[in-house]
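Written out below as structure tokens is the structure these notes cover.
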Amino acid sequence: MEDNQIKNNSNESQKASANYDVVIIGGGPAGSTAAIYAARSGLKTLVVDKGLTSGALGITSKIVNYPGIVEEISGAQLVEKMREQAKLFGAEYISDKVIGVDLQSETKSIFGNGGVYNSRFVIISTGSMGRGVRIQGEDRLLGHGVSYCATCDAAFYRNKDVVVAGNTDEAIEEALFLTKYANQVYFLSQTERLAAPQELVETLKNHPKVILYAGTKLKEIIGENRVEAVLAVQSDQHEVLLSVSGAFVYLQGGRPVTDFIQGQLEVSQSGCLIVDSSFQTSIPGVYAIGDVLCTHVKQVVVSAAEGAIAAMAIEKEINGRSRMMVDWSEKKQ
Amino acid sequence: MNSVIHVNDDQFEEVVLKAELPVLVDFWAPWCGPCRMVAPLLDKIASEYSGKIIVAKVNTDENSQWAVNYRVQGIPTMLFISKGQVVKTQVGALSESGLKNLVNDFLAGKN
Ligand SMILES: Cc1cc2nc3c(=O)[nH]c(=O)nc-3n(C[C@H](O)[C@H](O)[C@H](O)COP(=O)(O)OP(=O)(O)OC[C@H]3O[C@@H](n4cnc5c(N)ncnc54)[C@H](O)[C@@H]3O)c2cc1C
């Protein structure tokens, strides 16, 4: 058959954005420190991050052992300070969730729900709040009511009832997006308190289309060929059955967030990313730092230090020097 | 060299269901990030497997009939269709090698 009889080609979807020297996936303490160092050494730096309270530091209520910070400070405030500092040096931040990467070519592509970002160097710093076990029914009904992307799929739920499971700012933003289409949005937070900025929590709570179930855990997604209901358990062990057509899942766990890499990087027998002493992975130009590495000591100061090392190694590569340049402040003045 | 064919609801039966060749049809929409990730891979499959497979795309934003028929509620959803029958469904984006494995299995009749 002659293909061109019908409307041809598909480059409508190639919304490639400007090129960066380095794209950093995840803007927690590891990624944001890397951004501070990369941007300060003049590299065109982009951080793609899905939310302030979607990482380990973002959900920590109080941080008392980060050197130099004596006053009481929440983890989210500390991340914000780091991001502010990186922006002051010229780093850009984009709020987006990375869902895939192409690391094989010279120019690496990072695919987000919102756009495609290209760069020569990539730093992976997505932390270790990834999920392990799935909810019963989740895999089977994926694409038939189960979704991880409201921006992609909300339009399929016009005037229908949906459930959102999660407790981060990412989950709340997705729920609010769904309210534009859905009839009713049930928001199930496993914790009593939502781990998100207060205004966002208020917006969610006050939204006429949202019913919040705090302290309620999603237990099962039910339906034969498509989602028909979900079963959830409240903190007092009461079960609730909600009749819904869609289940949007944003739950977290304790595994390195590496799903978007889809096997492109070498991992150890235990499934951990392999890096060298400057945190470079098996693909030259691709680095991994922070909690996403399983062997690393899970502390903010350690993550930050790894960010500095990786960014300096990249700067060295780009500028073709044989030694890492120490970032004395005199240098800039 | 073949490229991806865009089909609308009216053309679907003729182009996809009555095709001689096996068909890979992708349900997508312009606002969907994972669809953007799959798009260049589909272009590649269309040209590399030219003459062996038809790669078709349905924009669910403009054409919802077949998406509804196939109960597509998440995009991208890729259907592997042989002689009018769906033999395999892939929901969500995947890597180039992942997609090629699916295509090879499909063409080898292994699904
Ligand atoms: C409850 C708790 C208390 C803690 N207390 C302390 C303490 O007192 N002192 C201390 O030093 N350490 C503490 N830690 C450990 C510390 O928080 C971590 O070691 C540190 O935050 C790791 O930094 P990171 O940047 O690697 O990852 P994270 O802080 O987890 O940041 C990861 C970032 O990646 C983003 N991200 C993830 N996936 C994607 C994606 N697909 N697309 C885009 N962005 C993505 C997230 O939004 C997040 O911003 C605590 C941890 C927890 C959980």
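Within each chain, counting starts at residue 1; across the structure tokens, chains are named A, B, ... in the order shown, with ligands numbered 1 upward in that order.
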Taking the chain letters and numbering used in this document, name the residues of chain B that DSSP puts in strand (DSSP E), as a ChimeraX atom specification. /B:5-6,23-28,54-59,77-82,85-91
Can you list every residue of chain B that has an atom at most 7 Å from chain A, with its nearest atom pair and the distance in Å to one decimal, using only C-alpha atoms, ordered by chain then number, as CSV?
```
residue,atom,partner,partner_atom,distance
B:Asn2,CA,A:Asp3,CA,6.9
B:Ser3,CA,A:Asn9,CA,6.2
B:Val4,CA,A:Asn9,CA,5.7
B:Ile5,CA,A:Asn8,CA,5.8
B:His6,CA,A:Lys7,CA,5.6
B:Pro30,CA,A:Ser13,CA,6.4
B:Trp31,CA,A:Cys152,CA,6.6
B:Cys32,CA,A:Cys152,CA,4.6
B:Gly33,CA,A:Asn113,CA,3.8
B:Pro34,CA,A:Asn113,CA,6.0
B:Arg36,CA,A:Ser13,CA,5.1
B:Met37,CA,A:Phe111,CA,6.1
B:Ala39,CA,A:Ser13,CA,6.6
B:Arg71,CA,A:His144,CA,6.7
B:Val72,CA,A:His144,CA,6.4
B:Gln73,CA,A:His144,CA,5.3
B:Gly74,CA,A:Gly143,CA,4.5
B:Ile75,CA,A:Cys152,CA,6.4
B:Val91,CA,A:Gly143,CA,5.7
B:Ser95,CA,A:Gln262,CA,6.5
```
Env. residues ligand 1 / 7 Å / only C-alpha atoms and all ligand atoms / as a tab-separated table (two decimals) with C-alpha atoms, in the first residue's frame:
```tsv
chain	number	residue	atom	x	y	z
A	25	ILE	CA	17.67	14.28	36.64
A	26	GLY	CA	16.41	14.88	40.19
A	27	GLY	CA	16.94	18.10	42.14
A	28	GLY	CA	17.40	16.85	45.70
A	29	PRO	CA	20.62	17.60	47.61
A	30	ALA	CA	22.74	15.47	45.23
A	31	GLY	CA	21.37	16.96	42.01
A	48	VAL	CA	14.56	18.26	35.74
A	49	ASP	CA	12.68	17.46	38.95
A	50	LYS	CA	9.19	16.22	39.61
A	51	GLY	CA	8.51	17.90	42.94
A	52	LEU	CA	9.94	19.41	46.09
A	53	THR	CA	8.46	16.82	48.42
A	54	SER	CA	8.97	13.84	46.16
A	55	GLY	CA	12.46	13.09	47.44
A	56	ALA	CA	13.93	11.91	50.75
A	57	LEU	CA	15.15	15.32	51.88
A	58	GLY	CA	11.93	16.98	50.72
A	59	ILE	CA	9.87	14.88	53.12
A	60	THR	CA	12.22	15.12	56.10
A	62	LYS	CA	13.76	18.49	60.45
A	63	ILE	CA	17.43	18.48	59.51
A	64	VAL	CA	19.94	19.06	62.28
A	65	ASN	CA	23.19	17.55	61.05
A	66	TYR	CA	23.85	19.41	57.83
A	96	ASP	CA	8.73	17.50	35.02
A	97	LYS	CA	8.87	13.78	35.64
A	98	VAL	CA	11.48	11.90	33.65
A	99	ILE	CA	10.07	8.72	32.13
A	125	SER	CA	20.21	11.84	41.08
A	126	THR	CA	16.68	10.57	41.51
A	127	GLY	CA	17.15	9.15	44.99
A	128	SER	CA	15.81	5.91	46.38
A	129	MET	CA	12.13	6.44	46.94
A	257	VAL	CA	14.59	5.27	41.15
A	260	PHE	CA	13.44	5.32	33.36
A	289	ILE	CA	25.08	10.31	42.53
A	290	GLY	CA	23.25	10.32	45.85
A	291	ASP	CA	20.78	7.82	47.23
A	292	VAL	CA	20.14	6.32	43.79
A	298	LYS	CA	22.36	7.89	52.99
A	299	GLN	CA	23.07	11.33	54.36
A	300	VAL	CA	22.46	14.75	52.87
A	301	VAL	CA	26.09	15.83	53.22
A	303	SER	CA	24.83	13.24	48.53
```
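You can rank A:Val79, A:Val162, A:Val275, A:Val201 by their closest distance to Ala247 of chain A using only C-alpha atoms, and at the top of that list sits A:Val162.
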I'd like the contact shell of Leu273 of chain A - 8 Å cut-off, only C-alpha atoms, skipping same-chain residues fewer than 5 positions apart - returned as a ChimeraX atom specification. /A:265-268,281,288,292-294
File of the preceding selection, N, CA and C atoms, as a short mmCIF file (atom, residue, chain, number, x, y, z; two decimals), in the first residue's frame:
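Result file follows (out-v4.cif):
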```
data_model
loop_
_atom_site.label_atom_id
_atom_site.label_comp_id
_atom_site.auth_asym_id
_atom_site.auth_seq_id
_atom_site.Cartn_x
_atom_site.Cartn_y
_atom_site.Cartn_z
N LEU A 265 22.19 1.14 31.49
CA LEU A 265 23.43 1.25 32.25
C LEU A 265 23.72 -0.06 32.98
N GLU A 266 25.03 -0.32 33.13
CA GLU A 266 25.41 -1.56 33.82
C GLU A 266 25.06 -1.49 35.30
N VAL A 267 24.56 -2.61 35.80
CA VAL A 267 24.25 -2.69 37.23
C VAL A 267 24.95 -3.91 37.82
N SER A 268 25.14 -3.88 39.13
CA SER A 268 25.77 -5.00 39.81
C SER A 268 24.76 -6.14 39.95
N THR A 281 29.07 6.39 35.25
CA THR A 281 28.49 5.05 35.05
C THR A 281 29.20 4.34 33.90
N ALA A 288 26.04 9.07 38.08
CA ALA A 288 24.96 8.81 39.04
C ALA A 288 25.46 9.12 40.44
N VAL A 292 20.45 7.25 44.88
CA VAL A 292 20.14 6.32 43.79
C VAL A 292 21.21 5.21 43.72
N LEU A 293 22.38 5.50 44.31
CA LEU A 293 23.43 4.48 44.41
C LEU A 293 23.21 3.69 45.68
N CYS A 294 23.18 2.37 45.57
CA CYS A 294 22.82 1.63 46.79
C CYS A 294 23.93 1.56 47.82
#
```
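In terms of minimum interatomic distance to Thr216 of chain A, A:Glu192 ranks closest within A:Glu192, A:Glu84, A:Glu228, A:Glu202, counting only C-alpha atoms.
Minimum distance to Gln85 of chain B across B:Tyr70, B:Lys100, B:Ala46, B:Val55 (counting only C-alpha atoms) occurs at B:Tyr70.
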So the first atom is atom CA of Gly271 of chain A and the second is atom CA of Gly130 of chain A; what is the distance between them in Å, to one decimal place?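 Atom-to-atom, atom CA of Gly271 of chain A and atom CA of Gly130 of chain A are spaced 13.3 Å apart.
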Can you list every residue in segment 29-162 of chain A that DSSP puts in helix (DSSP H, G or I), as JSON, numbers by chain? {"A": [29, 30, 31, 32, 33, 34, 35, 36, 37, 38, 39, 40, 52, 53, 54, 56, 57, 58, 59, 75, 76, 77, 78, 79, 80, 81, 82, 83, 84, 85, 86, 87, 88, 150, 151, 152, 153, 154, 155, 156, 157]}
Please identify all polymer residues within 8 Å of Ser189 of chain A, counting only C-alpha atoms, omitting same-chain residues fewer than 5 positions from it, and present them as a PyMOL selection string. chain A and resi 165-167+194+212-217
Expected file: the selected residues, C-alpha atoms, as a PDB file, in the first residue's frame:
```
ATOM      1  CA  ALA A 165      -3.018   7.374  45.616  1.00  0.00           C
ATOM      2  CA  GLY A 166      -0.013   9.184  47.063  1.00  0.00           C
ATOM      3  CA  ASN A 167       0.967  11.925  49.486  1.00  0.00           C
ATOM      4  CA  LEU A 194       0.408  15.161  53.370  1.00  0.00           C
ATOM      5  CA  LEU A 212      -9.547  13.406  50.826  1.00  0.00           C
ATOM      6  CA  TYR A 213      -9.025  10.140  52.670  1.00  0.00           C
ATOM      7  CA  ALA A 214      -6.070  10.749  54.981  1.00  0.00           C
ATOM      8  CA  GLY A 215      -4.420   7.745  56.599  1.00  0.00           C
ATOM      9  CA  THR A 216      -5.876   5.441  53.990  1.00  0.00           C
ATOM     10  CA  LYS A 217      -3.913   2.833  52.104  1.00  0.00           C
TER      11      LYS A 217
END
```
Residue nearest Asp26 of chain B - candidates B:Gln11, B:Asn69, B:Ser47, B:Thr77, atoms counted: only C-alpha atoms: B:Thr77
Counting only C-alpha atoms, figure out which residue out of B:Ile53, B:Leu41, B:Leu99, B:Val25 gets nearest to Asn8 of chain B.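 Closest residue, counting only C-alpha atoms: B:Val25.
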Extract, using only C-alpha atoms, all DNA, RNA and protein residues at most 6 Å from Pro76 of chain B, discarding same-chain residues fewer than 2 positions from it, and format them as a PDB file with N, CA, C and O atoms, in the first residue's frame.
```pdb
ATOM      1  N   PHE B  27      -1.780   4.468  19.641  1.00  0.00           N
ATOM      2  CA  PHE B  27      -2.748   5.496  20.051  1.00  0.00           C
ATOM      3  C   PHE B  27      -2.003   6.533  20.865  1.00  0.00           C
ATOM      4  O   PHE B  27      -1.361   6.186  21.861  1.00  0.00           O
ATOM      5  N   TRP B  28      -2.070   7.775  20.446  1.00  0.00           N
ATOM      6  CA  TRP B  28      -1.259   8.819  21.066  1.00  0.00           C
ATOM      7  C   TRP B  28      -2.028  10.136  21.108  1.00  0.00           C
ATOM      8  O   TRP B  28      -3.133  10.238  20.592  1.00  0.00           O
ATOM      9  N   CYS B  35       4.377   9.565  24.748  1.00  0.00           N
ATOM     10  CA  CYS B  35       4.122   9.383  23.311  1.00  0.00           C
ATOM     11  C   CYS B  35       5.249  10.020  22.495  1.00  0.00           C
ATOM     12  O   CYS B  35       5.671   9.486  21.472  1.00  0.00           O
ATOM     13  N   GLY B  92       2.204   2.117  27.465  1.00  0.00           N
ATOM     14  CA  GLY B  92       3.305   2.912  27.996  1.00  0.00           C
ATOM     15  C   GLY B  92       4.540   2.840  27.118  1.00  0.00           C
ATOM     16  O   GLY B  92       4.702   1.922  26.314  1.00  0.00           O
TER      17      GLY B  92
END
```
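Remark: for Ser95 of chain A, the closest of the candidate residues A:Asn118, A:Glu173, A:Glu72, A:Leu78 is A:Glu173 (distances computed over only C-alpha atoms).
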